[in-house]
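A short worksheet on the structure shown next.
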Amino acid sequence: MHLPGCWCGQLRAVLRREWGETGTREYGEQKLRKSNDLRARIRTITDGGATGIAVLSTVLVVAPLVAIFVYLIYKGASSLSLDFFTKLPKPEGEPGGGMANAIVGSAVLLAISSAIGIPIGIGGGIFLAEFGRGTRLANMVRFTADVLNGVPSIVMGLAVYSLIIYRQKHFSALAGGVALGIMMIPTVCRTTEEMLLMVPHAVREAALALGVPNWRSVLSITVKTASPGIITGCMLAFARVAGETAPLIFTAFGNSNWSVNPNDPISALPLEIYRYSISPYDDEHRLAWAAALVLIVLIVVAVSLVRFVASRGVLKGAS
Amino acid sequence: MLLCALSIFGIVVLIASELVQRSHLAWSSFGLGFFFSTFTDPDTKLTMFWDPINGHFSAFPFIYGTLVSSFLALLIAVPLAIGLAIFLTEMCPQILRGPLAFITELLAAIPSVIYGLWGFFVLVPLLREHVNPVLIQLLGWTGFFNDDNPTGLGFLAAGVILAIMILPIISSLTREVMSAVPHSQREAVLALGATRWEMIRMGVLRNARIGIVGGVILGLGRALGETMAVTMVIGNTPQIQRSLLSNGASMASVIANEYAEASSDLHLSALTEIGLALFVVTIIVNALARVLVWAVTRGAPARVG
């Protein structure tokens, strides 16, 4: 600091009195220690703050889930009864009634969709993991499957509408099943691939060393070893499409009577949840909550099963 | 097997060709103007966008609604998701890690119609009674929060429910790319005397940022196409309002609402064209996100070794 004028010397004297001799080594060390103390404190505080924010955001994420579950169980359990599973829906506005037809309808839709989605998905997964491993084609298929997985379900509904309903001229369970089946393919395909990749190479090599042809070794050795994982992957896809509503609105459409005919409109649990929740009657809201509880129990069971199998290392046990 | 794999290409091509075929009528009658044109109602002199009875169709308000609700959702979800991912990979005690990961996985598995149900009966009343009045009072002057919609439905409700829905996907992908960062990187930063946060910021986030952006874009892709939950809480009015508390409609919600009841061919075709636009946009967004995530996780095992 180089101050001009007559008060420069006075100021320097004052500063020297207050801060000590600025040019000395003690002064430098003291200053360094002070600023280090401050910086260390700021760093500790920042660290603590960041930890706090991470914990807070975790709490904020978990809170809605807990809220949804508690509310769902509270509302759903109080409206669930035997009637729900055995009775047909009452005409609009009348209390009582159940969703037997929607449960059966969901089962029919899921059966159709599994018949389409699971074989194609598993086949695709086997190709990705075994026959096409590392090829450019396999990479392209994998990429397309991932992208297909992100296509909105409503768009899937539109495509199936124009593919089937537009030509058939009426809504049908078959179309709904096809829409859901197409949605299952990418999920099943990718989980099958992942499960197959977990099978140790030694198993494959052992089979090949015995002179088993490649296709035989894939089908009866690799796929068989990975089958618990593949099955749980299918269940995951199954659970995911069980709750799909958007592609069903204008394919399966809904039906308030009994129907198991794939050529007729059919009801489904998620469709009924949607229809009842926007209706003005309290009694129908209750049915919607009950249906939501049934659906969520189905899904939680499937997801937990997948996790159980994955964490138990059923596959790793083979290695 | 090859056939099964190829069928995946076939499905994408099939979807595209069917949508193009069915939307041809709307495309030939409106052209590119379909996405941004407006017209004036002869009786009320109001600017209108969507009038199926008189055959006026413009996707503009739906594009607006989709963009507003999705970006609102990202605004809420991204910080929370990254915070959760940091907590789970870097800070969480081992006992909590499993259950928390399981819970976020469950959050991803809840069907969208159940989110909609919960949003409609719990979230919307909550916003209406407690949150919206506060927002109007504090931030009313910005024009984003107007006191003209007493229902509680609207863009904000849609944004919040979307945020809850896309949180798991963003956080699980962020977690994936963060755990792909090699441990030696963390140890090196810690050895230089960094605090834990500095280690996360410099050692982990900086290396994982491309993958995190990928995860965010993937979340955006989900938000853009999300149908049921949005349909149930957005209010379904094709209008463009500055206020986030007013009713709106999204591309997916108008399809869900009107497709089954559309009578004229032009109406069906216009809705299909909106669907086609949604298809193209989500394909691009998803492809981009996958490429970004792969860029990070693919090289990971090699770097660990």
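Chain labels follow the order of the structure tokens: the first chain is A, the next B, and so on; residue numbering restarts at 1 in every chain, and ligands are counted from 1 in their shown order.
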
Per-residue nearest contacts chain B to chain A, cut-off 7 Å, using only C-alpha atoms, as a Markdown table:
| residue | atom | partner | partner_atom | distance |
| --- | --- | --- | --- | --- |
| B:Met1 | CA | A:Gly123 | CA | 4.7 |
| B:Leu2 | CA | A:Phe127 | CA | 6.0 |
| B:Cys4 | CA | A:Gly124 | CA | 4.8 |
| B:Ala5 | CA | A:Gly124 | CA | 4.2 |
| B:Ile8 | CA | A:Ala145 | CA | 6.6 |
| B:Phe9 | CA | A:Thr144 | CA | 6.8 |
| B:Ile15 | CA | A:Ala159 | CA | 5.3 |
| B:Glu18 | CA | A:Ala159 | CA | 5.9 |
| B:Leu19 | CA | A:Ala159 | CA | 6.0 |
| B:Arg22 | CA | A:Ser162 | CA | 6.9 |
| B:Leu80 | CA | A:Ser57 | CA | 4.9 |
| B:Gly83 | CA | A:Ala54 | CA | 4.3 |
| B:Leu84 | CA | A:Thr58 | CA | 4.8 |
| B:Ile86 | CA | A:Ala54 | CA | 6.6 |
| B:Phe87 | CA | A:Ala54 | CA | 5.4 |
| B:Leu107 | CA | A:Leu65 | CA | 6.4 |
| B:Ala109 | CA | A:Arg240 | CA | 6.6 |
| B:Ile110 | CA | A:Ile296 | CA | 6.8 |
| B:Pro111 | CA | A:Gly243 | CA | 4.9 |
| B:Val113 | CA | A:Tyr274 | CA | 6.5 |
| B:Ile114 | CA | A:Ala292 | CA | 6.2 |
| B:Leu117 | CA | A:Ser277 | CA | 6.5 |
| B:Trp118 | CA | A:Ile68 | CA | 6.6 |
| B:Thr195 | CA | A:Asp47 | CA | 6.5 |
| B:Arg196 | CA | A:Asp47 | CA | 6.4 |
| B:Trp197 | CA | A:Asp47 | CA | 4.9 |
| B:Gly221 | CA | A:Gly150 | CA | 6.9 |
| B:Arg222 | CA | A:Gly150 | CA | 6.7 |
| B:Gly225 | CA | A:Pro152 | CA | 4.7 |
| B:Glu226 | CA | A:Pro152 | CA | 6.5 |
| B:Thr227 | CA | A:Ala246 | CA | 6.5 |
| B:Met228 | CA | A:Ala246 | CA | 6.3 |
| B:Ala252 | CA | A:Ile154 | CA | 6.8 |
| B:Ala256 | CA | A:Ala246 | CA | 6.6 |
| B:Tyr259 | CA | A:Phe250 | CA | 6.9 |
| B:Ala260 | CA | A:Phe250 | CA | 5.2 |
| B:Thr272 | CA | A:Leu158 | CA | 6.9 |
| B:Gly275 | CA | A:Val155 | CA | 5.7 |
| B:Phe279 | CA | A:Val151 | CA | 6.4 |
| B:Thr282 | CA | A:Val151 | CA | 6.1 |
| B:Ile283 | CA | A:Val147 | CA | 6.1 |
| B:Asn286 | CA | A:Val147 | CA | 5.6 |
| B:Ala287 | CA | A:Val147 | CA | 6.0 |

List every residue of segment 20-189 of chain B that DSSP, applied to the backbone of this structure, places in alpha helix (DSSP H), and write the result as a ChimeraX atom specification.
/B:20-22,24-30,60-86,94-109,112-118,124-126,132-139,155-180,183-189

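The protein and nucleic acid residues lying at most 9 Å from Ala158 of chain B are Ser69, Ser70, Leu72, Ala73, Gly119, Ala229, Val230, Thr231, Met232, Val233 and Ile234 of chain B, with only C-alpha atoms considered and sequence neighbours fewer than 6 positions away removed.
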
Nearby residues (only C-alpha atoms) at most 10 Å from Ser243 of chain B, same-chain spacing under 5 positions excluded, as a count of residues only
12

Using only C-alpha atoms, determine which residues lie at most 9 Å from Ile274 of chain B, disregarding the query and same-chain residues fewer than 6 positions distant; provide the list as a PDB file with all heavy atoms, in the first residue's frame.
ATOM      1  N   SER B  23     -52.977 -39.573 -40.227  1.00  0.00           N
ATOM      2  CA  SER B  23     -52.945 -38.125 -40.018  1.00  0.00           C
ATOM      3  C   SER B  23     -52.852 -37.390 -41.344  1.00  0.00           C
ATOM      4  O   SER B  23     -52.758 -36.169 -41.377  1.00  0.00           O
ATOM      5  CB  SER B  23     -51.773 -37.744 -39.114  1.00  0.00           C
ATOM      6  OG  SER B  23     -50.566 -38.084 -39.738  1.00  0.00           O
ATOM      7  N   PHE B  35     -49.511 -26.593 -36.335  1.00  0.00           N
ATOM      8  CA  PHE B  35     -48.816 -26.552 -35.053  1.00  0.00           C
ATOM      9  C   PHE B  35     -48.779 -25.163 -34.414  1.00  0.00           C
ATOM     10  O   PHE B  35     -48.404 -25.034 -33.272  1.00  0.00           O
ATOM     11  CB  PHE B  35     -47.391 -27.094 -35.210  1.00  0.00           C
ATOM     12  CG  PHE B  35     -47.377 -28.533 -35.578  1.00  0.00           C
ATOM     13  CD1 PHE B  35     -47.053 -28.938 -36.858  1.00  0.00           C
ATOM     14  CD2 PHE B  35     -47.735 -29.494 -34.655  1.00  0.00           C
ATOM     15  CE1 PHE B  35     -47.067 -30.269 -37.204  1.00  0.00           C
ATOM     16  CE2 PHE B  35     -47.755 -30.829 -34.995  1.00  0.00           C
ATOM     17  CZ  PHE B  35     -47.421 -31.222 -36.273  1.00  0.00           C
ATOM     18  N   ALA B  59     -52.731 -27.320 -32.977  1.00  0.00           N
ATOM     19  CA  ALA B  59     -52.142 -28.046 -31.853  1.00  0.00           C
ATOM     20  C   ALA B  59     -51.400 -27.120 -30.903  1.00  0.00           C
ATOM     21  O   ALA B  59     -50.820 -27.572 -29.918  1.00  0.00           O
ATOM     22  CB  ALA B  59     -51.196 -29.123 -32.376  1.00  0.00           C
ATOM     23  N   PHE B  62     -51.843 -27.270 -27.063  1.00  0.00           N
ATOM     24  CA  PHE B  62     -51.444 -28.561 -26.487  1.00  0.00           C
ATOM     25  C   PHE B  62     -49.929 -28.658 -26.392  1.00  0.00           C
ATOM     26  O   PHE B  62     -49.379 -29.178 -25.418  1.00  0.00           O
ATOM     27  CB  PHE B  62     -52.026 -29.700 -27.314  1.00  0.00           C
ATOM     28  CG  PHE B  62     -53.500 -29.554 -27.523  1.00  0.00           C
ATOM     29  CD1 PHE B  62     -54.035 -29.403 -28.783  1.00  0.00           C
ATOM     30  CD2 PHE B  62     -54.351 -29.507 -26.439  1.00  0.00           C
ATOM     31  CE1 PHE B  62     -55.389 -29.232 -28.965  1.00  0.00           C
ATOM     32  CE2 PHE B  62     -55.707 -29.338 -26.595  1.00  0.00           C
ATOM     33  CZ  PHE B  62     -56.228 -29.194 -27.877  1.00  0.00           C
ATOM     34  N   ILE B  63     -49.261 -28.134 -27.433  1.00  0.00           N
ATOM     35  CA  ILE B  63     -47.802 -28.105 -27.380  1.00  0.00           C
ATOM     36  C   ILE B  63     -47.354 -27.234 -26.208  1.00  0.00           C
ATOM     37  O   ILE B  63     -46.482 -27.606 -25.422  1.00  0.00           O
ATOM     38  CB  ILE B  63     -47.229 -27.571 -28.709  1.00  0.00           C
ATOM     39  CG1 ILE B  63     -47.573 -28.549 -29.834  1.00  0.00           C
ATOM     40  CG2 ILE B  63     -45.736 -27.358 -28.625  1.00  0.00           C
ATOM     41  CD1 ILE B  63     -47.266 -28.028 -31.212  1.00  0.00           C
ATOM     42  N   MET B 251     -50.647 -32.462 -25.099  1.00  0.00           N
ATOM     43  CA  MET B 251     -50.846 -33.237 -26.322  1.00  0.00           C
ATOM     44  C   MET B 251     -51.439 -34.598 -26.012  1.00  0.00           C
ATOM     45  O   MET B 251     -52.386 -35.050 -26.656  1.00  0.00           O
ATOM     46  CB  MET B 251     -49.504 -33.399 -27.047  1.00  0.00           C
ATOM     47  CG  MET B 251     -48.950 -32.096 -27.556  1.00  0.00           C
ATOM     48  SD  MET B 251     -47.204 -32.204 -27.954  1.00  0.00           S
ATOM     49  CE  MET B 251     -47.270 -32.817 -29.622  1.00  0.00           C
ATOM     50  N   ALA B 252     -50.882 -35.260 -24.997  1.00  0.00           N
ATOM     51  CA  ALA B 252     -51.381 -36.587 -24.659  1.00  0.00           C
ATOM     52  C   ALA B 252     -52.786 -36.512 -24.078  1.00  0.00           C
ATOM     53  O   ALA B 252     -53.628 -37.366 -24.346  1.00  0.00           O
ATOM     54  CB  ALA B 252     -50.437 -37.257 -23.679  1.00  0.00           C
ATOM     55  N   VAL B 254     -55.237 -34.398 -24.633  1.00  0.00           N
ATOM     56  CA  VAL B 254     -56.337 -34.157 -25.578  1.00  0.00           C
ATOM     57  C   VAL B 254     -56.647 -35.431 -26.366  1.00  0.00           C
ATOM     58  O   VAL B 254     -57.811 -35.720 -26.651  1.00  0.00           O
ATOM     59  CB  VAL B 254     -56.028 -32.965 -26.509  1.00  0.00           C
ATOM     60  CG1 VAL B 254     -54.940 -33.283 -27.496  1.00  0.00           C
ATOM     61  CG2 VAL B 254     -57.277 -32.557 -27.268  1.00  0.00           C
ATOM     62  N   ILE B 255     -55.617 -36.217 -26.654  1.00  0.00           N
ATOM     63  CA  ILE B 255     -55.867 -37.478 -27.358  1.00  0.00           C
ATOM     64  C   ILE B 255     -56.698 -38.394 -26.466  1.00  0.00           C
ATOM     65  O   ILE B 255     -57.706 -38.966 -26.890  1.00  0.00           O
ATOM     66  CB  ILE B 255     -54.546 -38.170 -27.744  1.00  0.00           C
ATOM     67  CG1 ILE B 255     -53.707 -37.258 -28.635  1.00  0.00           C
ATOM     68  CG2 ILE B 255     -54.826 -39.474 -28.473  1.00  0.00           C
ATOM     69  CD1 ILE B 255     -52.330 -37.811 -28.933  1.00  0.00           C
TER      70      ILE B 255
END

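With only C-alpha atoms as the atoms that count, the residue of B:Ser172, B:Thr38, B:Thr151, B:Ser253 with the shortest distance to Asn132 of chain B is B:Thr151.
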